[in-house]
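Peer 1: Before I ask anything, here is the structure I am working with.
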Protein chains: 2
Amino acid sequence: MSSLHTFWRELNHLGNVISLLHWDLEVMMPKDGHAERAEQIAQLTALHHKRFTGEEFLALLDAASEKAEASEGEGRKQTLRELQVIRKERERAVCLPVDFVEKFSKAKNIAHGVWMEARKKQDFAEFSPRLSEIVEMSIEMAELYGYDRNRYDALLEGYETELNVETLDPMFQSLKNSLVPLINETKEFPNPFAKKVSTSKQKAFNHRLLPALGLHPESTRLDESTHPFSTTMGRKDMRITTRYDESDPLSSIFGVLHEAGHSLYEKGLGMVEEYPTALTSAISFGIHESQSRLWENQIGRSRAFWSHYYPQLLKDFELYHYDLPFDDLYAFVNSSSPSKIRVDADQITYNLHIILRYEIEKELISEGLPVAELSERWNAGMKELFDLEIENDAEGVLQDIHWSSGAFGYFPTYTLGNIYSAQIFHTFIEEHDSFWQEVEKEGDFSRLRNWLHEKVHKPGKLYNPEELIEKVTGERPNSEHLVKYLKTKSREFF
Amino acid sequence: MSSLHTFWRELNHLGNVISLLHWDLEVMMPKDGHAERAEQIAQLTALHHKRFTGEEFLALLDAASEKAEASEGEGRKQTLRELQVIRKERERAVCLPVDFVEKFSKAKNIAHGVWMEARKKQDFAEFSPRLSEIVEMSIEMAELYGYDRNRYDALLEGYETELNVETLDPMFQSLKNSLVPLINETKEFPNPFAKKVSTSKQKAFNHRLLPALGLHPESTRLDESTHPFSTTMGRKDMRITTRYDESDPLSSIFGVLHEAGHSLYEKGLGMVEEYPTALTSAISFGIHESQSRLWENQIGRSRAFWSHYYPQLLKDFELYHYDLPFDDLYAFVNSSSPSKIRVDADQITYNLHIILRYEIEKELISEGLPVAELSERWNAGMKELFDLEIENDAEGVLQDIHWSSGAFGYFPTYTLGNIYSAQIFHTFIEEHDSFWQEVEKEGDFSRLRNWLHEKVHKPGKLYNPEELIEKVTGERPNSEHLVKYLKTKSREFF
């Protein structure tokens, strides 16, 4: 495998360099650098694609496969899995002709600009023709990839490998059935911060929190960007960002918790000694998201977490108990109520936002829903789910960036992340009954971190998401633990 | 030329990406990212070399040359120059076998580590065997490149194209003859800052200064690093760094002035419409350095500059006139006295430090001086020039990084920069007698900036350094203007 691994290592470096180009663009680059940076990214991305899909790599792959098939011993199974993963990803990448990739990329660029304008003008009609193009090309792409049953499966595969509509439909239906009645139990609590909290005070807290979560400055950066994200420039170079709102100082902390979860996953992928191989990368968007959601929700909205950090928060924010009573703080981080905007949604209603998008995506890709009817379809869905009237498309069908970027199949992974995180955490907490005490008393998350590392991070791409969840939790993925968790949460405040 | 230009554009992007990898390493990267970053840089550097020296590029070059030779019209001359520049650089790059480049790179890496240790221990003997290897390999490299008269010329070419010992020897000899007597006129003035000035106050001043110099935040970053440097990630993405010393707050300002000069040069190279071509890059290290030295010295040590900025400095540093009398400030920025360390040297003695290094480099590369005798040779030189006794090698022969990095031929460009800058500025000021008034009254440097842009920056690689200086100043490069400038300066304080 040695020459294959050398080749892979170079592909991996190239990928990390592309990550740096993106990170720098979002976080550091002077704004006039934009046009040239776009060309740099396009060039290296094309180079990566060419190397990955080229004959040289195929020859190395074939040689390694032949050798592995003939081999015996304990490493054989893992090697075969690694080769299978590479081959599958490579074959998928080969499906798209370079012409198509370029054409699609241009269409997405244009659609993105039109979407931004249309959203500003609150006018879906302006975006509609462009989105039609994107949907048509997404359908063309799905046909190029090929699929067994549902055309949408071909797109889903790009985000959540080996998952399909046949599995997702009942899982999401069951979740929907449980969540809709829960809407009546949502309860909204007011922002308990009477005064603004400066960015620098929030930063002080966040830079204290990050090492406690297991991310140290020797190998992690925390910066600021318009939308929080996490990225990886190397095995020991993880970077996360958050955004600061002085009127809602907790939002930066939740940004850190969420992105730290992503980074801990990336940091823990595979065994260090064998890094980087095809197995030492994320298996799916859903599993990735499960790690961010777990730290954001199961930990970040827990009583133990805030009991521990409450004194520190008061200190860093220069507040007194009477400025910010604990109960008000804890209620606020668990506040819930139906809303029009997905990114502002609480833990309960969030998943219903996603399920609506999932249903619409299937209809667009597989069932012939015309884009022209999308706005009505959306608004009817919101009425049905939340009894909310959408007044204009900006707070409706135009709110998310995903469709203008042709990212059909992405949305479901957000709720999969929630489902997986609840299921994984349930298993963990069953086995570790002193955990909440350790958090509350010591702010010590090491038990959870180590367990996640062993169970979820280390396997990398060794198992498919479904297999992984079953290995970790003993059950196939199901939404019961999420529902139970959400019910418990909402009843805590009644 | 179109396909050649596309290829060149890609090479240029690759070069800019490598610059970003370096910048990020120095300024942003978490320290544990080091090992992997080194591999990323090595990989992209090798890729750049392969593309630049490959057959595909040669074919494009040959086709373009044929077409250009057959063409007529006004662009012909410039196109032929462009092709000549590319061909010459490519042929030079082809001279070194990949094996040699790798072997040399490893030796330099090792030598660099040993040098750092030896400097710490103040023990040249420890470094000597490693440096011998570097010298031997530098000699081998010079032989691979080839040369007409002096072997050292082959190395000089890497930093200052078309310049050789035959031209440099009399220029430096004449400068030395003039400077040695000037040492008696050096005068040291004390640091006028009684109290420390915080980094944030210095930053406030520097971030105000940068746009006044013509570098705006839309296309420029200013950061902090161990050693100040400037770099370019794109036509509209220039980045400079400086270092902050609270006891010597002017040092960060001089860092900014110096690096801003480099960035203004890079920003102004060639016509925007034709960027990037082989002509829109720096012609030489000496010309590059002339632009940084001009802003650092001719501007940054002028009475007009400090007359204008004195009130602003007091304000930003929160000082009163009596804390920092103007005359003390102005004297301090022009203080001079012989010293052992090059980077701390004043404008007069600095060039003698360089000339000593130049003489030693020639002896090592062309005249068989054994590395084992280097320490004595150095100390004798310092005694002769400045009557200074070198107590240990750390303040002597071990002080600079350059030789451990195999950068023989680099040092002379520092003094060439000083020579060029004085000569260029002399021409400018002869033609613009209201300039100092504009600086003192308005802090307006636009006349100088525009003139440098037209005369020095825009030509890019159209002319060799010597030709460029002659075009701009009407004289061949000579040290007379530098000597005149230094004499005037030193007499201002007697």
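Residues are referred to by chain and number: the chain letter is A, B, ... according to the order shown in the structure tokens, the number counts from 1 in that chain, and ligands are numbered separately from 1 in the order shown.
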If you run DSSP over the backbone, which residues in range 159-267 of chain B end up helix (DSSP H, G or I)? Put them as a ChimeraX atom specification.
Peer 2: /B:165-185,199-213,250-267
Peer 1: Counting only C-alpha atoms, which residues from chain A have an atom at most 7 Å from any atom of chain B, and could you show them as a list of chain:residue names?
Peer 2: A:His13, A:Pro30, A:Lys31, A:Asp32, A:Gly33, A:Glu36, A:Gln40, A:Pro217, A:Glu218, A:Ser219, A:Thr220, A:Arg221, A:Gly234, A:Lys236, A:Asp237
Peer 1: Save the residues we just selected, N, CA and C atoms, as a short mmCIF file (atom, residue, chain, number, x, y, z; two decimals), in the first residue's frame?
Peer 2:
```cif
data_model
loop_
_atom_site.label_atom_id
_atom_site.label_comp_id
_atom_site.auth_asym_id
_atom_site.auth_seq_id
_atom_site.Cartn_x
_atom_site.Cartn_y
_atom_site.Cartn_z
N HIS A 13 -2.99 16.45 1.54
CA HIS A 13 -2.35 17.77 1.67
C HIS A 13 -3.07 18.80 0.80
N PRO A 30 -8.00 40.30 2.99
CA PRO A 30 -8.56 41.61 2.62
C PRO A 30 -9.59 41.40 1.52
N LYS A 31 -10.68 42.18 1.55
CA LYS A 31 -11.82 41.81 0.70
C LYS A 31 -11.54 41.90 -0.80
N ASP A 32 -10.61 42.78 -1.19
CA ASP A 32 -10.32 42.89 -2.62
C ASP A 32 -9.59 41.66 -3.18
N GLY A 33 -9.17 40.77 -2.30
CA GLY A 33 -8.49 39.57 -2.77
C GLY A 33 -9.43 38.52 -3.36
N GLU A 36 -9.22 36.85 -7.18
CA GLU A 36 -8.05 36.01 -7.42
C GLU A 36 -8.09 34.74 -6.55
N GLN A 40 -7.74 30.73 -7.45
CA GLN A 40 -6.79 29.82 -6.78
C GLN A 40 -7.51 28.57 -6.29
N PRO A 217 -4.67 25.62 22.41
CA PRO A 217 -4.15 26.60 21.45
C PRO A 217 -2.97 26.10 20.62
N GLU A 218 -2.25 25.09 21.09
CA GLU A 218 -1.13 24.57 20.30
C GLU A 218 -1.61 23.98 18.98
N SER A 219 -2.90 23.57 18.95
CA SER A 219 -3.38 22.91 17.73
C SER A 219 -4.75 23.43 17.29
N THR A 220 -5.21 24.51 17.91
CA THR A 220 -6.54 25.03 17.56
C THR A 220 -6.52 26.55 17.50
N ARG A 221 -7.22 27.11 16.55
CA ARG A 221 -7.47 28.55 16.54
C ARG A 221 -8.96 28.79 16.69
N GLY A 234 -4.88 20.23 8.96
CA GLY A 234 -3.88 19.23 9.23
C GLY A 234 -4.26 18.51 10.51
N LYS A 236 -2.97 18.35 13.25
CA LYS A 236 -2.79 19.13 14.48
C LYS A 236 -3.03 20.60 14.23
N ASP A 237 -3.95 20.88 13.35
CA ASP A 237 -4.27 22.27 13.02
C ASP A 237 -5.76 22.36 12.71
#
```
Peer 1: Excluding Ser247 in chain B and its own-chain neighbours fewer than 2 positions away, which residues fall within 7 Å of it when counting only C-alpha atoms? Please give them as a list in words.
Peer 2: Lys196, Val197, Asp245 and Pro249 of chain B
Peer 1: Take the residues from that selection and write them out as a PDB file, in the first residue's frame, keeping C-alpha atoms.
Peer 2:
```pdb
ATOM      1  CA  LYS B 196       7.007  51.590  27.870  1.00  0.00           C
ATOM      2  CA  VAL B 197       4.464  52.131  25.106  1.00  0.00           C
ATOM      3  CA  ASP B 245       8.823  46.052  21.490  1.00  0.00           C
ATOM      4  CA  PRO B 249       8.150  51.565  20.170  1.00  0.00           C
TER       5      PRO B 249
END
```
Peer 1: So which residues touch Phe386 in chain A within 12 Å, counting only C-alpha atoms, skipping near sequence neighbours fewer than 2 positions away, as an mmCIF file with N, CA, C and O atoms, in the first residue's frame?
Peer 2:
```
data_model
loop_
_atom_site.group_PDB
_atom_site.id
_atom_site.type_symbol
_atom_site.label_atom_id
_atom_site.label_comp_id
_atom_site.auth_asym_id
_atom_site.auth_seq_id
_atom_site.Cartn_x
_atom_site.Cartn_y
_atom_site.Cartn_z
ATOM 1 N N LEU A 179 -43.116 14.814 17.079
ATOM 2 C CA LEU A 179 -42.777 16.214 17.361
ATOM 3 C C LEU A 179 -43.972 17.158 17.235
ATOM 4 O O LEU A 179 -44.081 18.115 18.015
ATOM 5 N N VAL A 180 -44.859 16.863 16.274
ATOM 6 C CA VAL A 180 -45.971 17.803 16.066
ATOM 7 C C VAL A 180 -46.774 18.029 17.356
ATOM 8 O O VAL A 180 -47.024 19.190 17.728
ATOM 9 N N PRO A 181 -47.128 16.958 18.081
ATOM 10 C CA PRO A 181 -47.841 17.212 19.349
ATOM 11 C C PRO A 181 -46.981 17.970 20.364
ATOM 12 O O PRO A 181 -47.508 18.733 21.187
ATOM 13 N N LEU A 182 -45.661 17.772 20.297
ATOM 14 C CA LEU A 182 -44.759 18.446 21.248
ATOM 15 C C LEU A 182 -44.764 19.963 21.076
ATOM 16 O O LEU A 182 -44.377 20.710 21.994
ATOM 17 N N ILE A 183 -45.167 20.429 19.889
ATOM 18 C CA ILE A 183 -45.181 21.881 19.649
ATOM 19 C C ILE A 183 -46.033 22.587 20.705
ATOM 20 O O ILE A 183 -45.708 23.694 21.157
ATOM 21 N N ASN A 184 -47.094 21.911 21.143
ATOM 22 C CA ASN A 184 -47.952 22.507 22.165
ATOM 23 C C ASN A 184 -47.244 22.667 23.505
ATOM 24 O O ASN A 184 -47.700 23.404 24.373
ATOM 25 N N THR A 186 -44.020 23.601 23.695
ATOM 26 C CA THR A 186 -42.896 24.550 23.634
ATOM 27 C C THR A 186 -43.186 25.738 24.539
ATOM 28 O O THR A 186 -44.327 26.115 24.757
ATOM 29 N N SER A 337 -40.078 27.710 20.792
ATOM 30 C CA SER A 337 -41.352 28.181 20.239
ATOM 31 C C SER A 337 -41.262 28.142 18.723
ATOM 32 O O SER A 337 -40.178 28.337 18.168
ATOM 33 N N PRO A 338 -42.369 27.895 18.057
ATOM 34 C CA PRO A 338 -42.349 27.829 16.593
ATOM 35 C C PRO A 338 -41.872 29.153 16.006
ATOM 36 O O PRO A 338 -42.211 30.220 16.517
ATOM 37 N N SER A 339 -41.074 29.057 14.940
ATOM 38 C CA SER A 339 -40.564 30.275 14.318
ATOM 39 C C SER A 339 -40.439 30.030 12.821
ATOM 40 O O SER A 339 -40.494 28.903 12.361
ATOM 41 N N LYS A 340 -40.278 31.113 12.091
ATOM 42 C CA LYS A 340 -40.249 30.988 10.631
ATOM 43 C C LYS A 340 -38.869 30.645 10.095
ATOM 44 O O LYS A 340 -38.731 30.107 9.006
ATOM 45 N N ILE A 341 -37.859 30.999 10.868
ATOM 46 C CA ILE A 341 -36.488 30.887 10.359
ATOM 47 C C ILE A 341 -35.778 29.679 10.994
ATOM 48 O O ILE A 341 -35.663 29.591 12.213
ATOM 49 N N ALA A 345 -34.361 28.434 15.047
ATOM 50 C CA ALA A 345 -35.308 27.505 15.670
ATOM 51 C C ALA A 345 -34.709 26.806 16.887
ATOM 52 O O ALA A 345 -33.494 26.658 17.008
ATOM 53 N N ILE A 348 -36.689 21.518 19.370
ATOM 54 C CA ILE A 348 -37.867 20.725 18.989
ATOM 55 C C ILE A 348 -38.303 21.050 17.563
ATOM 56 O O ILE A 348 -38.372 20.190 16.698
ATOM 57 N N THR A 349 -38.557 22.327 17.318
ATOM 58 C CA THR A 349 -39.124 22.702 16.022
ATOM 59 C C THR A 349 -38.098 22.645 14.900
ATOM 60 O O THR A 349 -38.458 22.505 13.732
ATOM 61 N N TYR A 350 -36.831 22.721 15.254
ATOM 62 C CA TYR A 350 -35.775 22.680 14.231
ATOM 63 C C TYR A 350 -35.955 21.493 13.294
ATOM 64 O O TYR A 350 -35.884 21.605 12.073
ATOM 65 N N LEU A 352 -38.528 19.848 12.513
ATOM 66 C CA LEU A 352 -39.689 19.960 11.618
ATOM 67 C C LEU A 352 -39.366 20.866 10.422
ATOM 68 O O LEU A 352 -39.820 20.605 9.299
ATOM 69 N N HIS A 353 -38.581 21.887 10.667
ATOM 70 C CA HIS A 353 -38.084 22.704 9.547
ATOM 71 C C HIS A 353 -37.346 21.816 8.538
ATOM 72 O O HIS A 353 -37.510 21.949 7.332
ATOM 73 N N LEU A 356 -39.640 19.330 6.567
ATOM 74 C CA LEU A 356 -40.329 20.032 5.466
ATOM 75 C C LEU A 356 -39.410 20.158 4.246
ATOM 76 O O LEU A 356 -39.800 19.881 3.115
ATOM 77 N N TRP A 378 -44.113 25.691 0.091
ATOM 78 C CA TRP A 378 -43.421 26.048 1.332
ATOM 79 C C TRP A 378 -44.392 26.627 2.358
ATOM 80 O O TRP A 378 -44.468 26.182 3.512
ATOM 81 N N ASN A 379 -45.120 27.613 1.902
ATOM 82 C CA ASN A 379 -46.001 28.335 2.824
ATOM 83 C C ASN A 379 -47.096 27.420 3.377
ATOM 84 O O ASN A 379 -47.446 27.499 4.565
ATOM 85 N N ALA A 380 -47.597 26.524 2.519
ATOM 86 C CA ALA A 380 -48.598 25.560 2.987
ATOM 87 C C ALA A 380 -47.993 24.642 4.049
ATOM 88 O O ALA A 380 -48.617 24.344 5.076
ATOM 89 N N GLY A 381 -46.745 24.232 3.821
ATOM 90 C CA GLY A 381 -46.048 23.376 4.783
ATOM 91 C C GLY A 381 -45.886 24.054 6.133
ATOM 92 O O GLY A 381 -46.094 23.440 7.196
ATOM 93 N N MET A 382 -45.514 25.320 6.106
ATOM 94 C CA MET A 382 -45.313 26.054 7.359
ATOM 95 C C MET A 382 -46.632 26.258 8.099
ATOM 96 O O MET A 382 -46.685 26.228 9.325
ATOM 97 N N LYS A 383 -47.685 26.471 7.320
ATOM 98 C CA LYS A 383 -49.015 26.621 7.912
ATOM 99 C C LYS A 383 -49.418 25.320 8.604
ATOM 100 O O LYS A 383 -49.866 25.318 9.758
ATOM 101 N N GLU A 384 -49.197 24.228 7.897
ATOM 102 C CA GLU A 384 -49.598 22.921 8.415
ATOM 103 C C GLU A 384 -48.798 22.553 9.674
ATOM 104 O O GLU A 384 -49.364 22.109 10.675
ATOM 105 N N LEU A 388 -48.189 28.895 11.009
ATOM 106 C CA LEU A 388 -47.589 30.219 10.788
ATOM 107 C C LEU A 388 -47.880 30.690 9.371
ATOM 108 O O LEU A 388 -47.806 29.896 8.425
ATOM 109 N N GLU A 389 -48.222 31.977 9.237
ATOM 110 C CA GLU A 389 -48.426 32.559 7.908
ATOM 111 C C GLU A 389 -47.112 33.183 7.436
ATOM 112 O O GLU A 389 -46.579 34.078 8.082
ATOM 113 N N ILE A 390 -46.619 32.739 6.295
ATOM 114 C CA ILE A 390 -45.393 33.339 5.753
ATOM 115 C C ILE A 390 -45.774 34.593 4.985
ATOM 116 O O ILE A 390 -46.515 34.539 4.011
#
```
Peer 1: With distances taken over only C-alpha atoms, which residue among B:Asp62, B:Asp148, B:Glu246, B:Glu274 lies nearest Asn164 in chain B?
Peer 2: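 With only C-alpha atoms as the atom set, the closest residue is B:Asp148.
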Peer 1: Show me, as a list in words, the residues that have an atom within 8 Å of His481 in chain A when counting only C-alpha atoms, minus same-chain residues fewer than 4 positions from it.
Peer 2: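 Selected residues are Ile419, Ala422, Gln423, His426 and Tyr485 of chain A.
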Peer 1: I need the strand (DSSP E) residues of range 151-348 of chain B per DSSP on the backbone, written as a ChimeraX atom specification.
Peer 2: /B:220-224,230-234,237-242
Peer 1: Please identify all polymer residues within 12 Å of Ala125 in chain A, counting only C-alpha atoms, omitting same-chain residues fewer than 2 positions from it, and present them as a ChimeraX atom specification.
Peer 2: /A:114-115,117-119,121-123,127-132,371-376,392-394,397-398
Peer 1: Determine the nearest neighbour of Ala260 in chain A from the options A:Leu222, A:Leu60, A:Leu279, A:Ile354, counting only C-alpha atoms.
Peer 2: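 The shortest atom-to-atom distance to Ala260 in chain A comes from A:Leu222.
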Peer 1: Just want the 12 Å neighbourhood of Thr415 in chain B, counted on only C-alpha atoms, with same-chain residues fewer than 4 positions away dropped. Output as JSON, numbers by chain.
Peer 2: {"B": [160, 168, 171, 172, 175, 176, 285, 286, 287, 288, 289, 290, 292, 293, 342, 347, 348, 349, 350, 351, 352, 353, 354, 355, 356, 357, 358, 409, 410, 411, 419, 420, 421, 422, 477, 478, 479, 482, 483]}
Peer 1: Hey, can you check how far CA of Leu468 in chain A sits from CA of Lys455 in chain A?
Peer 2: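 Computing the Euclidean distance for CA of Leu468 in chain A and CA of Lys455 in chain A yields 8.6 Å.
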Peer 1: Closest to Asn177 in chain A among A:Glu470, A:Leu385, A:Val456, A:Tyr330, using only C-alpha atoms?
Peer 2: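 Selected residue with least distance to Asn177 in chain A: A:Leu385.
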Peer 1: Of the candidates A:Leu319, A:Ala70, A:Leu486, A:Ala212, which one gets nearest to Phe193 in chain A if we count only C-alpha atoms?
Peer 2: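 Distance minimum relative to Phe193 in chain A lands on A:Leu319.
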Peer 1: Could you tell me how far CA of Leu462 in chain A sits from CA of Gly146 in chain A, in Å to one decimal place?
Peer 2: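 Separation of CA of Gly146 in chain A and CA of Leu462 in chain A: 24.0 Å.
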Peer 1: For a test of reading the model, state the distance in Å between CA of Gln291 in chain B and CA of Gly15 in chain B, rounded to one decimal.
Peer 2: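 Separation between CA of Gln291 in chain B and CA of Gly15 in chain B: 21.8 Å.
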Peer 1: A:Tyr322, A:Phe229, A:Phe445, A:Tyr463: which is nearest Gly214 in chain A, counting only C-alpha atoms?
Peer 2: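 Among the listed residues, A:Phe445 lies closest to Gly214 in chain A.
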